[in-house]
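S.K.: My questions all concern the structure below.
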Amino acid sequence: MEVIIQPDYSEMSRLAARMVVEVLNTKPNAVLGMATGSTPLGLYQELVRLYKAGEVDFSRVTTFNLDEYVGLPTNHPQSYHYFMRENFFNHVNIQPQNINIPSGTTDNYPAFCEWYEQRIEECGGIDLQILGIGSDGHIAFNEPTSSLSSRTRLKTLAKQTIDDNARFFERREDVPVYAITMGVGTILDARKIILLAGGTSKASAIASMVEGPVTSMVTASALQLHSDTKVIVDEDAASELQMREYYEFIYRAKPAAPTG
Ligand code: F6R
């Protein structure tokens, strides 16, 4: 993992957007893995700005979202379908048929999950996966003790996640208990990954993910096994990292590596 510490949330979002644009400039028909939640909002805003400035084109891009709440129809304001439309898809030139988001209202979840995995494969696999991290160390909705080789499936949300996400709902009881989510194994198949985190509430999860053991108790720690993951954090989310100086040295100050 490469850890990149940025002064604040907006610098973190801008850097992540530059990385997405770099992938799309190299491969205009890239497959992007998308995350929802508070963390990637700044990244999506910056991508929309760059699109409006003519610096990026989404017309050939395909997307796959990580997850969706079970039981919420696509027009529910807290559904991830709604979130993606409002915060990103409605503002760029992506083709609607190229958007893939897990269904929270299918009547056959196992069949849908199998189809979702197949669809990712048919599209050539995910080139760049964008991730946030839960305060319990989850990626997508792979809660603590999820198998590190799991694929897309139905998952019961942990109490910590329900508490964290209650802020988006009128009442805590309204937070769905189940979600459909890509597995850790699905995520590890992506060619490149960028994980974003901001704020002190993520500091402990970030330290465990980067510097702790690989464990299903912190499913993000499985990213230690991935060969091209960048972790972009703000100062607050970096505050519990022990090797911080080393990461900064690598990112900002390292001398040119030997060529021979
Ligand atoms: C959302 C997702 C989740 C969030 C995580 C952090 O699609 O997969 O893993 O990334 O719960 O959420 P925020 O960014 O709201 O703190």
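Ordered as shown in the structure tokens, chains take letters A, B, and onward, while each chain numbers its residues from 1 and ligands are numbered from 1 in the order shown.
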Which polymer residues have any atom within 10 Å of an atom of range 219-224 of chain A, counting only C-alpha atoms, with same-chain residues fewer than 4 positions away left out, as number ranges by chain?

M.R.: A: 1-2, 131-134, 136-149, 183-185, 187-188, 193, 195, 205-215, 228-231

S.K.: Skipping near chain neighbours, those fewer than 5 positions away, what residues fall within 10 Å of Arg119 in chain A using only C-alpha atoms, listed as a PyMOL selection string?

M.R.: chain A and resi 64+100+113-114+124-125

S.K.: May I ask you to write as a VMD selection string all residues lying at most 10 Å from ligand 1, with only C-alpha atoms and all ligand atoms counted?

M.R.: chain A and resid 33 to 41 65 to 69 80 83 to 84 130 to 143 160 to 162 164 to 165 167 to 168 181 to 182 195 to 199 201 to 202 220

S.K.: With C-alpha atoms retained, could you export that selection as a PDB file, in the first residue's frame?

M.R.:
```pdb
ATOM      1  CA  GLY A  33     -15.795   0.752  -9.114  1.00  0.00           C
ATOM      2  CA  MET A  34     -17.808   3.373  -7.240  1.00  0.00           C
ATOM      3  CA  ALA A  35     -18.377   3.987  -3.522  1.00  0.00           C
ATOM      4  CA  THR A  36     -21.067   6.008  -1.750  1.00  0.00           C
ATOM      5  CA  GLY A  37     -21.107   7.705   1.672  1.00  0.00           C
ATOM      6  CA  SER A  38     -19.770  11.054   2.842  1.00  0.00           C
ATOM      7  CA  THR A  39     -16.148  10.363   1.955  1.00  0.00           C
ATOM      8  CA  PRO A  40     -16.219  10.326  -1.881  1.00  0.00           C
ATOM      9  CA  LEU A  41     -18.559  13.339  -2.195  1.00  0.00           C
ATOM     10  CA  ASN A  65     -21.143   0.304  -7.378  1.00  0.00           C
ATOM     11  CA  LEU A  66     -19.972  -1.543  -4.314  1.00  0.00           C
ATOM     12  CA  ASP A  67     -23.229  -1.959  -2.478  1.00  0.00           C
ATOM     13  CA  GLU A  68     -26.874  -1.113  -1.857  1.00  0.00           C
ATOM     14  CA  TYR A  69     -29.235  -1.338   1.108  1.00  0.00           C
ATOM     15  CA  TYR A  80     -27.278   4.310  -3.113  1.00  0.00           C
ATOM     16  CA  PHE A  83     -27.090   8.985  -4.059  1.00  0.00           C
ATOM     17  CA  MET A  84     -25.183   8.165  -7.244  1.00  0.00           C
ATOM     18  CA  ILE A 130     -12.761   3.734  -5.301  1.00  0.00           C
ATOM     19  CA  LEU A 131     -13.252   2.872  -1.623  1.00  0.00           C
ATOM     20  CA  GLY A 132     -14.115   4.511   1.680  1.00  0.00           C
ATOM     21  CA  ILE A 133     -13.638   2.746   5.024  1.00  0.00           C
ATOM     22  CA  GLY A 134     -16.053   2.222   7.900  1.00  0.00           C
ATOM     23  CA  SER A 135     -15.042   3.114  11.455  1.00  0.00           C
ATOM     24  CA  ASP A 136     -15.059  -0.664  12.108  1.00  0.00           C
ATOM     25  CA  GLY A 137     -12.570  -1.158   9.254  1.00  0.00           C
ATOM     26  CA  HIS A 138     -15.075  -2.412   6.682  1.00  0.00           C
ATOM     27  CA  ILE A 139     -14.751  -1.922   2.928  1.00  0.00           C
ATOM     28  CA  ALA A 140     -18.037  -1.924   1.005  1.00  0.00           C
ATOM     29  CA  PHE A 141     -20.311  -3.650   3.559  1.00  0.00           C
ATOM     30  CA  ASN A 142     -17.829  -6.398   4.395  1.00  0.00           C
ATOM     31  CA  GLU A 143     -18.291  -6.228   8.133  1.00  0.00           C
ATOM     32  CA  GLN A 160     -21.401  -0.011  14.524  1.00  0.00           C
ATOM     33  CA  THR A 161     -22.344   0.537  10.851  1.00  0.00           C
ATOM     34  CA  ILE A 162     -26.030   0.945  11.668  1.00  0.00           C
ATOM     35  CA  ASP A 164     -22.713   5.345  11.973  1.00  0.00           C
ATOM     36  CA  ASN A 165     -25.261   5.475   9.141  1.00  0.00           C
ATOM     37  CA  ARG A 167     -27.229  10.071  10.726  1.00  0.00           C
ATOM     38  CA  PHE A 168     -28.657   9.785   7.203  1.00  0.00           C
ATOM     39  CA  THR A 181     -22.290  -5.927  -1.250  1.00  0.00           C
ATOM     40  CA  MET A 182     -19.309  -6.839  -3.388  1.00  0.00           C
ATOM     41  CA  LEU A 195      -9.125   4.197  -0.579  1.00  0.00           C
ATOM     42  CA  LEU A 196     -10.048   7.580   0.886  1.00  0.00           C
ATOM     43  CA  ALA A 197     -10.553   8.524   4.522  1.00  0.00           C
ATOM     44  CA  GLY A 198     -10.963  11.803   6.334  1.00  0.00           C
ATOM     45  CA  GLY A 199     -11.492  12.799   9.963  1.00  0.00           C
ATOM     46  CA  SER A 201     -13.335   8.947  13.418  1.00  0.00           C
ATOM     47  CA  LYS A 202     -11.405   6.983  10.771  1.00  0.00           C
ATOM     48  CA  ALA A 220      -9.792  -3.342   4.788  1.00  0.00           C
TER      49      ALA A 220
END
```

S.K.: For Ala17 in chain A, please output as a PDB file with N, CA, C and O atoms, in the first residue's frame all residues within 12 Å (counting only C-alpha atoms; exclusion window: fewer than 4 positions along the same chain).

M.R.:
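Result saved to part.pdb:
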```
ATOM      1  N   SER A  10     -10.330  18.608   1.064  1.00  0.00           N
ATOM      2  CA  SER A  10     -10.450  19.021  -0.335  1.00  0.00           C
ATOM      3  C   SER A  10      -9.200  18.664  -1.134  1.00  0.00           C
ATOM      4  O   SER A  10      -9.294  18.258  -2.295  1.00  0.00           O
ATOM      5  N   GLU A  11      -8.032  18.731  -0.522  1.00  0.00           N
ATOM      6  CA  GLU A  11      -6.795  18.306  -1.218  1.00  0.00           C
ATOM      7  C   GLU A  11      -6.855  16.806  -1.499  1.00  0.00           C
ATOM      8  O   GLU A  11      -6.456  16.334  -2.562  1.00  0.00           O
ATOM      9  N   MET A  12      -7.375  16.064  -0.522  1.00  0.00           N
ATOM     10  CA  MET A  12      -7.495  14.609  -0.684  1.00  0.00           C
ATOM     11  C   MET A  12      -8.420  14.299  -1.870  1.00  0.00           C
ATOM     12  O   MET A  12      -8.113  13.470  -2.728  1.00  0.00           O
ATOM     13  N   SER A  13      -9.542  15.005  -1.949  1.00  0.00           N
ATOM     14  CA  SER A  13     -10.520  14.763  -3.016  1.00  0.00           C
ATOM     15  C   SER A  13      -9.941  15.143  -4.367  1.00  0.00           C
ATOM     16  O   SER A  13     -10.149  14.449  -5.365  1.00  0.00           O
ATOM     17  N   VAL A  21      -8.876  10.663 -13.363  1.00  0.00           N
ATOM     18  CA  VAL A  21      -8.736  11.246 -14.703  1.00  0.00           C
ATOM     19  C   VAL A  21      -7.550  10.614 -15.429  1.00  0.00           C
ATOM     20  O   VAL A  21      -7.626  10.311 -16.625  1.00  0.00           O
ATOM     21  N   GLU A  22      -6.478  10.368 -14.703  1.00  0.00           N
ATOM     22  CA  GLU A  22      -5.287   9.746 -15.302  1.00  0.00           C
ATOM     23  C   GLU A  22      -5.640   8.362 -15.872  1.00  0.00           C
ATOM     24  O   GLU A  22      -5.252   8.024 -16.986  1.00  0.00           O
ATOM     25  N   VAL A  23      -6.417   7.602 -15.124  1.00  0.00           N
ATOM     26  CA  VAL A  23      -6.834   6.269 -15.608  1.00  0.00           C
ATOM     27  C   VAL A  23      -7.689   6.431 -16.865  1.00  0.00           C
ATOM     28  O   VAL A  23      -7.490   5.727 -17.857  1.00  0.00           O
ATOM     29  N   LEU A  24      -8.628   7.391 -16.854  1.00  0.00           N
ATOM     30  CA  LEU A  24      -9.532   7.558 -18.005  1.00  0.00           C
ATOM     31  C   LEU A  24      -8.800   8.128 -19.216  1.00  0.00           C
ATOM     32  O   LEU A  24      -9.167   7.821 -20.355  1.00  0.00           O
ATOM     33  N   PRO A  40     -16.552  10.013  -0.488  1.00  0.00           N
ATOM     34  CA  PRO A  40     -16.219  10.326  -1.881  1.00  0.00           C
ATOM     35  C   PRO A  40     -16.973  11.518  -2.466  1.00  0.00           C
ATOM     36  O   PRO A  40     -16.793  11.831  -3.652  1.00  0.00           O
ATOM     37  N   LEU A  41     -17.786  12.210  -1.648  1.00  0.00           N
ATOM     38  CA  LEU A  41     -18.559  13.339  -2.195  1.00  0.00           C
ATOM     39  C   LEU A  41     -17.673  14.401  -2.847  1.00  0.00           C
ATOM     40  O   LEU A  41     -17.952  14.882  -3.942  1.00  0.00           O
ATOM     41  N   GLY A  42     -16.576  14.739  -2.170  1.00  0.00           N
ATOM     42  CA  GLY A  42     -15.656  15.761  -2.701  1.00  0.00           C
ATOM     43  C   GLY A  42     -15.015  15.291  -3.993  1.00  0.00           C
ATOM     44  O   GLY A  42     -14.812  16.085  -4.926  1.00  0.00           O
ATOM     45  N   LEU A  43     -14.689  14.020  -4.071  1.00  0.00           N
ATOM     46  CA  LEU A  43     -14.114  13.445  -5.297  1.00  0.00           C
ATOM     47  C   LEU A  43     -15.121  13.564  -6.438  1.00  0.00           C
ATOM     48  O   LEU A  43     -14.767  13.986  -7.547  1.00  0.00           O
ATOM     49  N   TYR A  44     -16.390  13.211  -6.178  1.00  0.00           N
ATOM     50  CA  TYR A  44     -17.393  13.290  -7.244  1.00  0.00           C
ATOM     51  C   TYR A  44     -17.601  14.750  -7.684  1.00  0.00           C
ATOM     52  O   TYR A  44     -17.718  15.032  -8.874  1.00  0.00           O
ATOM     53  N   GLN A  45     -17.615  15.655  -6.708  1.00  0.00           N
ATOM     54  CA  GLN A  45     -17.776  17.082  -7.065  1.00  0.00           C
ATOM     55  C   GLN A  45     -16.635  17.547  -7.964  1.00  0.00           C
ATOM     56  O   GLN A  45     -16.830  18.256  -8.940  1.00  0.00           O
ATOM     57  N   GLU A  46     -15.431  17.117  -7.633  1.00  0.00           N
ATOM     58  CA  GLU A  46     -14.262  17.518  -8.428  1.00  0.00           C
ATOM     59  C   GLU A  46     -14.312  16.892  -9.824  1.00  0.00           C
ATOM     60  O   GLU A  46     -13.992  17.545 -10.820  1.00  0.00           O
ATOM     61  N   LEU A  47     -14.764  15.632  -9.918  1.00  0.00           N
ATOM     62  CA  LEU A  47     -14.877  14.991 -11.238  1.00  0.00           C
ATOM     63  C   LEU A  47     -15.923  15.702 -12.089  1.00  0.00           C
ATOM     64  O   LEU A  47     -15.740  15.876 -13.295  1.00  0.00           O
ATOM     65  N   VAL A  48     -17.013  16.129 -11.466  1.00  0.00           N
ATOM     66  CA  VAL A  48     -18.057  16.858 -12.195  1.00  0.00           C
ATOM     67  C   VAL A  48     -17.472  18.190 -12.694  1.00  0.00           C
ATOM     68  O   VAL A  48     -17.668  18.589 -13.842  1.00  0.00           O
ATOM     69  N   ARG A  49     -16.706  18.847 -11.828  1.00  0.00           N
ATOM     70  CA  ARG A  49     -16.078  20.117 -12.233  1.00  0.00           C
ATOM     71  C   ARG A  49     -15.148  19.895 -13.426  1.00  0.00           C
ATOM     72  O   ARG A  49     -15.200  20.628 -14.422  1.00  0.00           O
ATOM     73  N   LEU A  50     -14.334  18.854 -13.355  1.00  0.00           N
ATOM     74  CA  LEU A  50     -13.388  18.576 -14.445  1.00  0.00           C
ATOM     75  C   LEU A  50     -14.131  18.205 -15.725  1.00  0.00           C
ATOM     76  O   LEU A  50     -13.728  18.579 -16.820  1.00  0.00           O
ATOM     77  N   TYR A  51     -15.245  17.498 -15.578  1.00  0.00           N
ATOM     78  CA  TYR A  51     -16.059  17.151 -16.756  1.00  0.00           C
ATOM     79  C   TYR A  51     -16.602  18.429 -17.405  1.00  0.00           C
ATOM     80  O   TYR A  51     -16.513  18.618 -18.619  1.00  0.00           O
ATOM     81  N   GLU A  55     -12.270  18.442 -19.225  1.00  0.00           N
ATOM     82  CA  GLU A  55     -11.004  17.733 -18.996  1.00  0.00           C
ATOM     83  C   GLU A  55     -11.152  16.227 -18.856  1.00  0.00           C
ATOM     84  O   GLU A  55     -10.170  15.510 -18.739  1.00  0.00           O
ATOM     85  N   VAL A  56     -12.391  15.747 -18.845  1.00  0.00           N
ATOM     86  CA  VAL A  56     -12.598  14.294 -18.725  1.00  0.00           C
ATOM     87  C   VAL A  56     -13.920  13.924 -19.385  1.00  0.00           C
ATOM     88  O   VAL A  56     -14.863  14.730 -19.405  1.00  0.00           O
ATOM     89  N   LEU A 128     -10.289   0.491 -11.886  1.00  0.00           N
ATOM     90  CA  LEU A 128      -9.979   1.331 -10.716  1.00  0.00           C
ATOM     91  C   LEU A 128     -11.157   1.276  -9.759  1.00  0.00           C
ATOM     92  O   LEU A 128     -12.276   1.651 -10.120  1.00  0.00           O
ATOM     93  N   ILE A 130     -12.794   2.670  -6.309  1.00  0.00           N
ATOM     94  CA  ILE A 130     -12.761   3.734  -5.301  1.00  0.00           C
ATOM     95  C   ILE A 130     -13.385   3.166  -4.026  1.00  0.00           C
ATOM     96  O   ILE A 130     -14.459   2.558  -4.082  1.00  0.00           O
ATOM     97  N   ILE A 194      -8.085   2.903  -4.980  1.00  0.00           N
ATOM     98  CA  ILE A 194      -7.754   4.037  -4.112  1.00  0.00           C
ATOM     99  C   ILE A 194      -8.767   4.066  -2.982  1.00  0.00           C
ATOM    100  O   ILE A 194      -9.978   3.980  -3.200  1.00  0.00           O
ATOM    101  N   LEU A 196     -10.071   6.229   0.320  1.00  0.00           N
ATOM    102  CA  LEU A 196     -10.048   7.580   0.886  1.00  0.00           C
ATOM    103  C   LEU A 196     -10.582   7.558   2.315  1.00  0.00           C
ATOM    104  O   LEU A 196     -11.529   6.814   2.602  1.00  0.00           O
ATOM    105  N   ILE A 232      -5.382   7.374   0.472  1.00  0.00           N
ATOM    106  CA  ILE A 232      -5.242   8.836   0.537  1.00  0.00           C
ATOM    107  C   ILE A 232      -6.046   9.318   1.745  1.00  0.00           C
ATOM    108  O   ILE A 232      -7.264   9.091   1.805  1.00  0.00           O
TER     109      ILE A 232
END
```

S.K.: Skipping near chain neighbours, those fewer than 4 positions away, what residues fall within 8 Å of Ser103 in chain A using only C-alpha atoms, listed as a VMD selection string?

M.R.: chain A and resid 68 70 112 180

S.K.: Fewer than 4 positions away in the same chain doesn't count, so skip those; otherwise give me all residues within 7 Å of range 247-257 of chain A, counting only C-alpha atoms, as number ranges by chain.

M.R.: A: 3-4, 243

S.K.: Just asking: which residues within range 136-180 of chain A are helix (DSSP H, G or I) according to DSSP, as a PDB file with N, CA and C atoms, in the first residue's frame?

M.R.:
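Dumped to part-v4.pdb:
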```pdb
ATOM      1  N   LYS A 159     -23.647  -3.553  14.164  1.00  0.00           N
ATOM      2  CA  LYS A 159     -24.266  -2.499  14.974  1.00  0.00           C
ATOM      3  C   LYS A 159     -23.540  -1.162  14.764  1.00  0.00           C
ATOM      4  N   GLN A 160     -22.196  -1.233  14.719  1.00  0.00           N
ATOM      5  CA  GLN A 160     -21.401  -0.011  14.524  1.00  0.00           C
ATOM      6  C   GLN A 160     -21.786   0.716  13.225  1.00  0.00           C
ATOM      7  N   THR A 161     -21.999  -0.062  12.151  1.00  0.00           N
ATOM      8  CA  THR A 161     -22.344   0.537  10.851  1.00  0.00           C
ATOM      9  C   THR A 161     -23.746   1.136  10.906  1.00  0.00           C
ATOM     10  N   ILE A 162     -24.659   0.417  11.548  1.00  0.00           N
ATOM     11  CA  ILE A 162     -26.030   0.945  11.668  1.00  0.00           C
ATOM     12  C   ILE A 162     -25.989   2.261  12.465  1.00  0.00           C
ATOM     13  N   ASP A 163     -25.212   2.277  13.560  1.00  0.00           N
ATOM     14  CA  ASP A 163     -25.080   3.514  14.362  1.00  0.00           C
ATOM     15  C   ASP A 163     -24.472   4.639  13.514  1.00  0.00           C
ATOM     16  N   ASP A 164     -23.397   4.317  12.783  1.00  0.00           N
ATOM     17  CA  ASP A 164     -22.713   5.345  11.973  1.00  0.00           C
ATOM     18  C   ASP A 164     -23.646   5.904  10.905  1.00  0.00           C
ATOM     19  N   ASN A 165     -24.441   5.034  10.279  1.00  0.00           N
ATOM     20  CA  ASN A 165     -25.261   5.475   9.141  1.00  0.00           C
ATOM     21  C   ASN A 165     -26.629   6.016   9.557  1.00  0.00           C
ATOM     22  N   ALA A 166     -26.941   5.908  10.862  1.00  0.00           N
ATOM     23  CA  ALA A 166     -28.227   6.418  11.347  1.00  0.00           C
ATOM     24  C   ALA A 166     -28.347   7.920  11.084  1.00  0.00           C
ATOM     25  N   ARG A 167     -27.198   8.618  10.950  1.00  0.00           N
ATOM     26  CA  ARG A 167     -27.229  10.071  10.726  1.00  0.00           C
ATOM     27  C   ARG A 167     -27.937  10.438   9.427  1.00  0.00           C
ATOM     28  N   PHE A 168     -28.012   9.498   8.486  1.00  0.00           N
ATOM     29  CA  PHE A 168     -28.657   9.785   7.203  1.00  0.00           C
ATOM     30  C   PHE A 168     -30.165   9.519   7.231  1.00  0.00           C
ATOM     31  N   ARG A 172     -33.098   5.748  13.898  1.00  0.00           N
ATOM     32  CA  ARG A 172     -32.134   4.642  13.807  1.00  0.00           C
ATOM     33  C   ARG A 172     -32.824   3.375  13.283  1.00  0.00           C
ATOM     34  N   GLU A 173     -34.092   3.162  13.682  1.00  0.00           N
ATOM     35  CA  GLU A 173     -34.819   1.946  13.255  1.00  0.00           C
ATOM     36  C   GLU A 173     -35.038   1.919  11.744  1.00  0.00           C
ATOM     37  N   ASP A 174     -34.879   3.063  11.085  1.00  0.00           N
ATOM     38  CA  ASP A 174     -35.102   3.088   9.632  1.00  0.00           C
ATOM     39  C   ASP A 174     -33.896   2.570   8.842  1.00  0.00           C
TER      40      ASP A 174
END
```

S.K.: With a distance cut-off of 9 Å and only C-alpha atoms, select the neighbouring residues of range 93-97 of chain A, excluding the residue or stretch itself and same-chain residues fewer than 3 positions from it, and output the selection as a list in words.

M.R.: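 Once the adjacent positions are removed, what remains is Tyr51, Asp57, Phe58, Ser59, Arg60, Val61, Thr62, Thr63, Phe89, Asn90 and Asn100 of chain A.
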
S.K.: Generate a file of the selected residues that holds N, CA, C and O atoms, formatted as a PDB file, in the first residue's frame.

M.R.:
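Result file selection-v4.pdb:
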```pdb
ATOM      1  N   TYR A  51     -15.245  17.498 -15.578  1.00  0.00           N
ATOM      2  CA  TYR A  51     -16.059  17.151 -16.756  1.00  0.00           C
ATOM      3  C   TYR A  51     -16.602  18.429 -17.405  1.00  0.00           C
ATOM      4  O   TYR A  51     -16.513  18.618 -18.619  1.00  0.00           O
ATOM      5  N   ASP A  57     -13.947  12.710 -19.932  1.00  0.00           N
ATOM      6  CA  ASP A  57     -15.118  12.261 -20.685  1.00  0.00           C
ATOM      7  C   ASP A  57     -15.552  10.900 -20.128  1.00  0.00           C
ATOM      8  O   ASP A  57     -14.713  10.000 -19.976  1.00  0.00           O
ATOM      9  N   PHE A  58     -16.820  10.773 -19.803  1.00  0.00           N
ATOM     10  CA  PHE A  58     -17.310   9.515 -19.230  1.00  0.00           C
ATOM     11  C   PHE A  58     -18.145   8.711 -20.233  1.00  0.00           C
ATOM     12  O   PHE A  58     -18.779   7.731 -19.856  1.00  0.00           O
ATOM     13  N   SER A  59     -18.154   9.132 -21.511  1.00  0.00           N
ATOM     14  CA  SER A  59     -19.095   8.517 -22.464  1.00  0.00           C
ATOM     15  C   SER A  59     -18.824   7.032 -22.708  1.00  0.00           C
ATOM     16  O   SER A  59     -19.709   6.298 -23.092  1.00  0.00           O
ATOM     17  N   ARG A  60     -17.592   6.587 -22.479  1.00  0.00           N
ATOM     18  CA  ARG A  60     -17.291   5.171 -22.720  1.00  0.00           C
ATOM     19  C   ARG A  60     -17.008   4.397 -21.430  1.00  0.00           C
ATOM     20  O   ARG A  60     -16.611   3.236 -21.453  1.00  0.00           O
ATOM     21  N   VAL A  61     -17.217   5.083 -20.304  1.00  0.00           N
ATOM     22  CA  VAL A  61     -16.912   4.467 -19.007  1.00  0.00           C
ATOM     23  C   VAL A  61     -18.057   3.559 -18.556  1.00  0.00           C
ATOM     24  O   VAL A  61     -19.223   3.852 -18.796  1.00  0.00           O
ATOM     25  N   THR A  62     -17.698   2.459 -17.906  1.00  0.00           N
ATOM     26  CA  THR A  62     -18.690   1.584 -17.253  1.00  0.00           C
ATOM     27  C   THR A  62     -18.433   1.656 -15.753  1.00  0.00           C
ATOM     28  O   THR A  62     -17.273   1.732 -15.321  1.00  0.00           O
ATOM     29  N   THR A  63     -19.495   1.653 -14.964  1.00  0.00           N
ATOM     30  CA  THR A  63     -19.308   1.701 -13.507  1.00  0.00           C
ATOM     31  C   THR A  63     -20.021   0.539 -12.815  1.00  0.00           C
ATOM     32  O   THR A  63     -21.063   0.067 -13.279  1.00  0.00           O
ATOM     33  N   PHE A  89     -23.941  10.775 -11.359  1.00  0.00           N
ATOM     34  CA  PHE A  89     -24.358  10.357 -12.705  1.00  0.00           C
ATOM     35  C   PHE A  89     -25.172  11.424 -13.441  1.00  0.00           C
ATOM     36  O   PHE A  89     -25.024  11.574 -14.658  1.00  0.00           O
ATOM     37  N   ASN A  90     -26.028  12.164 -12.719  1.00  0.00           N
ATOM     38  CA  ASN A  90     -26.849  13.183 -13.386  1.00  0.00           C
ATOM     39  C   ASN A  90     -26.032  14.361 -13.921  1.00  0.00           C
ATOM     40  O   ASN A  90     -26.556  15.190 -14.647  1.00  0.00           O
ATOM     41  N   ASN A 100     -23.946   0.203 -13.318  1.00  0.00           N
ATOM     42  CA  ASN A 100     -24.374  -1.015 -12.612  1.00  0.00           C
ATOM     43  C   ASN A 100     -24.331  -0.749 -11.110  1.00  0.00           C
ATOM     44  O   ASN A 100     -23.292  -0.333 -10.581  1.00  0.00           O
TER      45      ASN A 100
END
```

S.K.: Kindly give the distance, in Å, that separates CA of Gly54 in chain A and CA of Pro28 in chain A, rounded to a single decimal.

M.R.: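 CA of Gly54 in chain A sits 13.9 Å away from CA of Pro28 in chain A.
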
S.K.: Extract the full set of strand (DSSP E) residues from range 105-240 of chain A according to DSSP on the backbone, and format it as an MDAnalysis selection string.

M.R.: chainID A and resid 128:131 153:156 178:181 192:197 229:234

S.K.: Which is closest to Glu117 in chain A among A:Arg151, A:Val31, A:Asn98, A:Leu157, if we use only C-alpha atoms?

M.R.: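 Closest candidate: A:Arg151.
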
S.K.: Rounded to one decimal, what separation in Å do you get between CA of Arg14 in chain A and CA of Ser204 in chain A?

M.R.: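 The value is 23.7 Å.
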
S.K.: Which of these residues is nearest to Val175 in chain A, using only C-alpha atoms: A:Ala158, A:Ile5, A:Ala111, A:Val218?

M.R.: A:Ala158

S.K.: So how many Å separate CA of Leu154 in chain A and CA of Tyr178 in chain A, to one decimal?

M.R.: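 We find that CA of Leu154 in chain A and CA of Tyr178 in chain A lie 6.8 Å from each other.
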